[in-house]
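Visitor: The following file, upload34.cif, comprises mmCIF, C-alpha atoms:
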```
data_entry
loop_
_atom_site.label_atom_id
_atom_site.label_comp_id
_atom_site.auth_asym_id
_atom_site.auth_seq_id
_atom_site.Cartn_x
_atom_site.Cartn_y
_atom_site.Cartn_z
CA MET A 10 119.42 89.08 67.29
CA SER A 11 116.11 87.37 66.56
CA GLY A 12 114.13 84.74 68.43
CA SER A 13 111.94 82.00 67.02
CA LEU A 14 108.79 84.09 67.51
CA ASP A 15 107.66 86.47 64.82
CA LEU A 16 108.74 90.06 65.38
CA MET A 17 106.82 91.06 68.48
CA GLU A 18 105.68 94.52 69.50
CA LEU A 19 105.91 95.06 73.25
CA ALA A 20 105.27 98.06 75.46
CA PHE A 21 108.46 99.80 76.52
CA GLU A 22 110.07 102.99 77.78
CA ARG A 23 113.23 104.30 76.10
CA ARG A 24 115.51 106.94 77.59
CA GLY A 25 119.07 108.21 77.23
CA SER A 26 121.86 107.58 74.76
CA GLY A 27 124.84 105.28 74.47
CA GLU A 28 125.09 101.50 74.21
CA PRO A 29 121.65 99.84 74.52
CA LEU A 30 120.65 98.28 77.84
CA ILE A 31 117.43 96.24 77.95
CA LEU A 32 115.71 95.97 81.37
CA ILE A 33 113.45 92.97 82.09
CA HIS A 34 111.06 92.82 85.06
CA GLY A 35 110.00 89.82 87.13
CA ILE A 36 106.81 87.76 87.16
CA GLY A 37 103.70 89.86 87.73
CA HIS A 38 105.61 93.13 87.48
CA HIS A 39 105.93 95.77 84.74
CA TRP A 40 108.59 98.05 83.26
CA GLN A 41 107.78 100.79 85.74
CA GLY A 42 109.55 98.77 88.43
CA TRP A 43 112.77 100.16 86.96
CA LEU A 44 111.71 103.81 87.29
CA PRO A 45 113.93 104.50 90.34
CA VAL A 46 117.06 103.73 88.27
CA LEU A 47 116.02 104.73 84.73
CA ASP A 48 117.39 108.26 84.66
CA ARG A 49 120.62 107.26 86.42
CA LEU A 50 121.19 104.62 83.75
CA ALA A 51 120.06 106.87 80.91
CA ALA A 52 122.93 109.26 81.66
CA GLU A 53 125.27 106.65 80.12
CA ARG A 54 123.12 104.15 78.20
CA THR A 55 120.19 103.95 75.83
CA VAL A 56 117.88 102.31 78.33
CA ILE A 57 114.88 100.30 77.14
CA ALA A 58 112.62 98.96 79.90
CA VAL A 59 110.16 96.47 78.46
CA ASP A 60 106.86 94.87 79.51
CA LEU A 61 107.10 91.13 78.86
CA PRO A 62 104.29 89.54 76.80
CA GLY A 63 101.16 89.21 78.92
CA TYR A 64 102.44 91.70 81.51
CA GLY A 65 101.93 95.42 81.95
CA VAL A 66 100.27 96.65 78.79
CA SER A 67 102.08 94.34 76.37
CA PRO A 68 99.97 91.92 74.32
CA ALA A 69 99.84 88.27 75.27
CA LEU A 70 101.95 85.64 73.56
CA PRO A 71 100.41 84.24 70.36
CA PRO A 72 97.76 81.54 70.94
CA GLY A 73 99.37 78.17 71.55
CA THR A 74 102.71 79.64 72.66
CA PRO A 75 103.49 78.54 76.24
CA TYR A 76 104.68 81.00 78.87
CA THR A 77 108.03 79.31 79.37
CA ALA A 78 111.33 81.04 80.03
CA GLU A 79 112.42 80.02 76.55
CA SER A 80 109.42 81.60 74.82
CA LEU A 81 109.70 84.78 76.91
CA ALA A 82 113.39 85.03 76.01
CA ASP A 83 112.42 84.48 72.37
CA ALA A 84 109.98 87.38 72.71
CA VAL A 85 112.70 89.67 74.03
CA GLU A 86 114.95 88.67 71.13
CA SER A 87 112.16 89.34 68.63
CA PHE A 88 111.37 92.67 70.28
CA CYS A 89 115.00 93.75 69.94
CA ALA A 90 115.04 92.69 66.30
CA LEU A 91 111.92 94.76 65.68
CA LEU A 92 113.59 97.82 67.21
CA GLY A 93 116.78 97.16 65.28
CA VAL A 94 118.76 96.79 68.51
CA LYS A 95 121.68 94.43 67.93
CA ASP A 96 123.70 92.76 70.70
CA PRO A 97 122.40 94.87 73.59
CA HIS A 98 123.40 94.67 77.20
CA VAL A 99 120.57 93.21 79.26
CA ALA A 100 119.63 93.26 82.93
CA GLY A 101 116.75 91.61 84.74
CA ASN A 102 115.22 91.01 88.14
CA SER A 103 113.85 87.67 89.39
CA LEU A 104 112.29 85.96 86.34
CA GLY A 105 113.81 88.79 84.31
CA GLY A 106 117.19 87.91 85.80
CA TYR A 107 116.79 84.34 84.59
CA LEU A 108 115.87 85.62 81.13
CA ALA A 109 118.99 87.81 81.11
CA LEU A 110 121.13 84.75 81.89
CA GLU A 111 119.27 82.72 79.25
CA LEU A 112 120.07 85.38 76.64
CA ALA A 113 123.71 85.30 77.77
CA ALA A 114 123.67 81.51 77.37
CA ARG A 115 122.50 82.04 73.78
CA GLY A 116 125.33 84.48 73.19
CA VAL A 117 123.02 87.12 71.76
CA VAL A 118 123.79 89.92 74.25
CA ARG A 119 126.97 91.85 75.02
CA SER A 120 126.53 91.34 78.76
CA ALA A 121 123.89 90.26 81.27
CA THR A 122 123.25 91.41 84.82
CA ALA A 123 120.84 89.34 86.94
CA LEU A 124 119.34 90.60 90.21
CA SER A 125 118.09 87.72 92.41
CA PRO A 126 117.49 85.51 89.36
CA ALA A 127 114.97 82.69 89.45
CA GLY A 128 116.04 79.10 88.89
CA PHE A 129 118.62 78.53 91.64
CA TRP A 130 116.18 77.19 94.22
CA SER A 131 115.76 73.89 96.00
CA ARG A 132 112.44 72.08 95.61
CA ALA A 133 111.28 73.39 99.00
CA GLU A 134 112.32 76.93 98.11
CA LEU A 135 110.48 76.72 94.79
CA LEU A 136 107.33 75.52 96.54
CA TYR A 137 107.61 78.38 99.03
CA ALA A 138 108.14 80.99 96.29
CA ARG A 139 105.21 79.71 94.21
CA THR A 140 102.95 79.68 97.29
CA VAL A 141 103.90 83.25 98.19
CA LEU A 142 103.46 84.48 94.63
CA ARG A 143 100.02 82.85 94.33
CA ALA A 144 98.95 84.48 97.60
CA MET A 145 100.23 87.88 96.47
CA ARG A 146 98.40 87.51 93.16
CA ALA A 147 95.14 86.53 94.90
CA SER A 148 95.47 89.47 97.29
CA ALA A 149 96.15 91.92 94.44
CA ARG A 150 93.15 90.68 92.47
CA SER A 151 90.90 90.86 95.52
CA ALA A 152 92.11 94.39 96.29
CA ALA A 153 91.46 95.45 92.70
CA GLU A 154 87.95 94.00 92.72
CA THR A 155 87.00 95.59 96.06
CA GLY A 156 88.78 98.90 95.55
CA ARG A 157 91.10 98.33 98.53
CA ALA A 158 94.35 98.65 96.57
CA ALA A 159 94.59 102.42 96.99
CA VAL A 160 93.77 102.17 100.71
CA THR A 161 96.50 99.57 101.25
CA ALA A 162 99.07 101.59 99.32
CA GLY A 163 98.25 104.75 101.25
CA ASN A 164 98.20 103.27 104.76
CA PRO A 165 101.78 103.09 106.15
CA LEU A 166 101.19 99.90 108.15
CA LEU A 167 99.33 98.05 105.40
CA HIS A 168 101.86 99.37 102.90
CA ALA A 169 104.76 97.96 104.95
CA VAL A 170 103.11 94.57 105.44
CA SER A 171 102.12 94.23 101.79
CA ALA A 172 105.44 95.33 100.30
CA GLY A 173 107.70 93.78 102.94
CA LEU A 174 108.13 90.47 101.13
CA LEU A 175 109.60 92.16 98.06
CA VAL A 176 111.50 95.18 99.35
CA ALA A 177 113.63 95.76 102.43
CA HIS A 178 112.48 99.37 102.87
CA PRO A 179 108.75 99.65 102.06
CA SER A 180 108.76 103.36 102.95
CA ARG A 181 111.05 104.01 99.95
CA LEU A 182 108.41 102.54 97.63
CA SER A 183 105.96 105.35 96.98
CA PRO A 184 102.21 104.70 97.42
CA ALA A 185 101.74 105.45 93.71
CA ALA A 186 104.40 102.92 92.71
CA MET A 187 102.95 100.31 95.03
CA LEU A 188 99.44 100.85 93.71
CA ALA A 189 100.67 100.57 90.11
CA ALA A 190 102.59 97.38 90.93
CA SER A 191 99.53 95.87 92.62
CA GLN A 192 97.39 96.67 89.59
CA ALA A 193 100.01 95.18 87.27
CA LEU A 194 100.12 91.98 89.34
CA ALA A 195 96.32 91.71 89.37
CA GLY A 196 96.09 92.21 85.62
CA SER A 197 98.98 90.02 84.44
CA GLN A 198 97.56 87.78 81.72
CA GLY A 199 100.61 85.55 81.66
CA PHE A 200 101.05 85.12 85.41
CA ASP A 201 99.38 81.76 86.03
CA GLU A 202 100.93 80.00 83.03
CA THR A 203 104.36 81.45 83.76
CA LEU A 204 104.21 80.39 87.41
CA GLU A 205 103.16 76.89 86.41
CA ALA A 206 106.04 76.63 83.92
CA MET A 207 108.53 77.73 86.57
CA SER A 208 108.08 74.36 88.32
CA GLY A 209 110.51 72.87 85.81
CA LEU A 210 112.90 75.80 85.65
CA MET A 211 116.56 74.84 85.95
CA PRO A 212 119.65 77.05 85.65
CA PRO A 213 120.33 77.94 82.01
CA ALA A 214 123.23 76.66 79.94
CA PRO A 215 126.67 78.17 80.63
CA PRO A 216 126.85 81.80 79.50
CA LYS A 217 128.62 82.79 76.30
CA SER A 218 128.54 86.49 77.25
CA PRO A 219 129.95 88.25 80.34
CA ILE A 220 127.55 88.09 83.29
CA THR A 221 127.08 89.69 86.69
CA ILE A 222 124.83 88.21 89.38
CA ALA A 223 123.76 90.11 92.51
CA TRP A 224 121.41 89.24 95.37
CA GLY A 225 119.58 91.35 97.91
CA GLU A 226 120.80 90.42 101.38
CA HIS A 227 117.24 90.75 102.71
CA ASP A 228 115.55 88.87 99.86
CA ARG A 229 112.51 87.20 101.46
CA LEU A 230 111.14 85.61 98.29
CA LEU A 231 114.30 83.98 96.92
CA PRO A 232 116.57 83.90 100.01
CA CYS A 233 120.16 84.90 99.35
CA ARG A 234 121.46 81.41 100.20
CA GLN A 235 120.41 80.68 96.61
CA ALA A 236 123.27 82.99 95.63
CA LEU A 237 125.68 80.21 96.65
CA ARG A 238 124.20 77.94 93.97
CA ALA A 239 124.34 80.77 91.45
CA ALA A 240 128.00 81.26 92.33
CA ARG A 241 128.76 77.57 91.79
CA TRP A 242 126.86 77.62 88.49
CA SER A 243 128.61 80.73 87.22
CA GLY A 244 132.06 80.01 88.65
CA GLN A 245 132.28 83.52 90.04
CA ARG A 246 131.37 85.40 93.18
CA VAL A 247 127.84 86.74 93.43
CA LYS A 248 127.63 90.32 94.64
CA LEU A 249 125.58 91.03 97.78
CA LEU A 250 123.27 94.06 97.64
CA LYS A 251 123.41 95.35 101.20
CA GLY A 252 120.18 96.75 102.56
CA CYS A 253 118.15 95.45 99.62
CA GLY A 254 115.29 93.00 99.19
CA HIS A 255 114.10 90.91 96.26
CA VAL A 256 113.22 93.94 94.12
CA PRO A 257 116.17 96.21 94.96
CA MET A 258 115.55 99.12 92.62
CA SER A 259 113.54 101.16 95.15
CA ASP A 260 115.62 100.05 98.15
CA ASP A 261 118.87 101.55 96.85
CA PRO A 262 118.58 103.05 93.34
CA GLU A 263 122.13 104.40 93.39
CA LEU A 264 123.65 101.02 94.29
CA VAL A 265 121.62 99.17 91.65
CA ALA A 266 122.38 101.74 88.96
CA ARG A 267 126.12 101.53 89.67
CA LEU A 268 125.96 97.74 89.46
CA LEU A 269 124.12 97.79 86.14
CA LEU A 270 126.46 100.37 84.64
CA ARG A 271 129.52 98.37 85.70
CA GLY A 272 127.97 95.17 84.35
CA SER A 273 127.23 96.83 81.01
CA ARG A 274 130.57 98.49 80.39
CA PRO A 275 131.37 98.61 76.68
CA GLN A 276 132.89 95.31 75.63
CA SER A 277 135.95 95.29 73.41
#
```
Here is a file; write its structure as structure tokens.
Guide:
Amino acid sequence: MSGSLDLMELAFERRGSGEPLILIHGIGHHWQGWLPVLDRLAAERTVIAVDLPGYGVSPALPPGTPYTAESLADAVESFCALLGVKDPHVAGNSLGGYLALELAARGVVRSATALSPAGFWSRAELLYARTVLRAMRASARSAAETGRAAVTAGNPLLHAVSAGLLVAHPSRLSPAAMLAASQALAGSQGFDETLEAMSGLMPPAPPKSPITIAWGEHDRLLPCRQALRAARWSGQRVKLLKGCGHVPMSDDPELVARLLLRGSRPQS
């Protein structure tokens, strides 16, 4: 498994033992978004949660390399090659979900699980998502510059309003996790270029590896009606994550962990 980029060192967290499962976050997020499910998954898998290039504390893409889905998928391939991880299972959320499906389309993973993947939107839905993401980014940067991020995370009402677009149950997202996510969003080097490139994002080629797609029933960023298009694209039913929003890991860690373990069962 090796992408067209040179072998790329990325920040990551590794836990557990068993078949490898790579976890890929969404735009503006970081590997810590998977913390609610990491130990549950690590009981049965070697789990590797990665910061994409230009996100979290990973280095940016090489100069001149665009922040497209293809180049980010290349980076994940190169990262796996560097670690010596061959044919892993992969799971992703939002943009990470799209990347998981892209890797399945390349046939370089054993299985892919996508949670509310990007790319199945209408033009109006894409415009809405990009507008919301830009506003969230501007708010996170302003909060970081003024020192309001900790206040927002610690105030239950502000916490609920700020997190409500991404999770169905803001109270289950700890103030520390929310503060860290806000700081990651504010500091994402690759955010603007990635968001711009998403304007041309279309569903990937048909998968060559087994896939699972699931959608939060209360997804307010990529509404779950997009799951119908994902179902038509994949030719299979898309699972509904009851009680979950766009980033479901904190809403129902047990449900998400079960889904990812089922989706990454050892393949014969």
Visitor: Have a look at atom CA of Ala121 of chain A and atom CA of Ala236 of chain A and let me know their distance in Å, one decimal.
Guide: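 Between atom CA of Ala121 of chain A and atom CA of Ala236 of chain A the gap is 16.1 Å.
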Visitor: Check which residues satisfy the PyMOL selection byres ((chain A and resi 91) around 9) in the file shown, then give them as a ChimeraX atom specification.
Guide: /A:11,16-18,86-90,92-94
Visitor: Report the centre and edge lengths, in Å to one decimal, of an axis-aligned box enclosing every atom of segment 255-263 of chain A listed in the file, padded by 6 Å on each side, as JSON.
Guide:
```
{"center_x": 117.7, "center_y": 97.7, "center_z": 95.4, "size_x": 20.9, "size_y": 25.5, "size_z": 17.5}
```
Visitor: Using only C-alpha atoms, pick whichever of A:Thr122, A:Ser197, A:Asn102, A:Ser243 has the shortest atom-to-atom distance to Met258 of chain A.
Guide: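 The closest residue to Met258 of chain A is A:Asn102.
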Visitor: Taking 6 positions as the minimum chain separation for residues in the same chain, which residues sit within 9 Å of His255 of chain A when counting all atoms listed in the file? Answer as a list in words.
Guide: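 With the cut-off at 9 Å, the set is Asn102, Ser103, Leu124, Ser125, Leu174, Leu175, Val176, Ala177, Trp224, Gly225, Glu226, His227, Asp228, Arg229, Leu230, Leu231 and Pro232 of chain A.
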Visitor: With only C-alpha atoms as the atoms that count, which of A:Ala189, A:Ala239, A:Leu269, A:Ile36 lies nearest to Ala100 of chain A?
Guide: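 Using only C-alpha atoms, the shortest distance to Ala100 of chain A belongs to A:Leu269.
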Visitor: Using only C-alpha atoms, which of A:Pro213, A:Pro62, A:Pro184, A:Pro29 sits nearest Leu108 of chain A?
Guide: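 The answer is A:Pro213, which sits nearest to Leu108 of chain A.
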Visitor: Taking the file as shown, find all residues satisfying the PyMOL selection byres ((chain A and resi 244) around 12) and write them as a PyMOL selection string.
Guide: chain A and resi 215-216+219-222+236-243+245-247
Visitor: Write the residues you've just listed into a file as a PDB file, keeping the file's coordinate frame, and include C-alpha atoms for each of them.
Guide:
```pdb
ATOM      1  CA  PRO A 215     126.670  78.170  80.630  1.00  0.00           C
ATOM      2  CA  PRO A 216     126.850  81.800  79.500  1.00  0.00           C
ATOM      3  CA  PRO A 219     129.950  88.250  80.340  1.00  0.00           C
ATOM      4  CA  ILE A 220     127.550  88.090  83.290  1.00  0.00           C
ATOM      5  CA  THR A 221     127.080  89.690  86.690  1.00  0.00           C
ATOM      6  CA  ILE A 222     124.830  88.210  89.380  1.00  0.00           C
ATOM      7  CA  ALA A 236     123.270  82.990  95.630  1.00  0.00           C
ATOM      8  CA  LEU A 237     125.680  80.210  96.650  1.00  0.00           C
ATOM      9  CA  ARG A 238     124.200  77.940  93.970  1.00  0.00           C
ATOM     10  CA  ALA A 239     124.340  80.770  91.450  1.00  0.00           C
ATOM     11  CA  ALA A 240     128.000  81.260  92.330  1.00  0.00           C
ATOM     12  CA  ARG A 241     128.760  77.570  91.790  1.00  0.00           C
ATOM     13  CA  TRP A 242     126.860  77.620  88.490  1.00  0.00           C
ATOM     14  CA  SER A 243     128.610  80.730  87.220  1.00  0.00           C
ATOM     15  CA  GLN A 245     132.280  83.520  90.040  1.00  0.00           C
ATOM     16  CA  ARG A 246     131.370  85.400  93.180  1.00  0.00           C
ATOM     17  CA  VAL A 247     127.840  86.740  93.430  1.00  0.00           C
TER      18      VAL A 247
END
```
Visitor: Taking into account only C-alpha atoms, which residue in the set A:Ser259, A:Thr77, A:Thr203, A:Gln41 is nearest to Pro179 of chain A?
Guide: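 Closest candidate: A:Ser259.
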Visitor: Which one of A:Ala20, A:Ala52, A:Glu205, A:Ala58 sits closest to Arg143 of chain A if you count all atoms listed in the file?
Guide: A:Glu205
Visitor: Select, from A:Pro68, A:Ile33, A:Ala82, A:Gly27, the residue with the minimum atom-to-atom distance to Leu50 of chain A, counting only C-alpha atoms.
Guide: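 Among the listed residues, the smallest separation from Leu50 of chain A belongs to A:Gly27.
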Visitor: Could you tell me, as a list in words, exactly which residues end up selected when the PyMOL selection byres ((chain A and resi 191) around 9) is applied to this structure?
Guide: Gly37, His38, Met145, Arg146, Ser148, Ala149, Arg150, Ala152, Ala153, Ala158, Ala162, Ala186, Met187, Leu188, Ala189, Ala190, Gln192, Ala193, Leu194, Ala195 and Gly196 of chain A
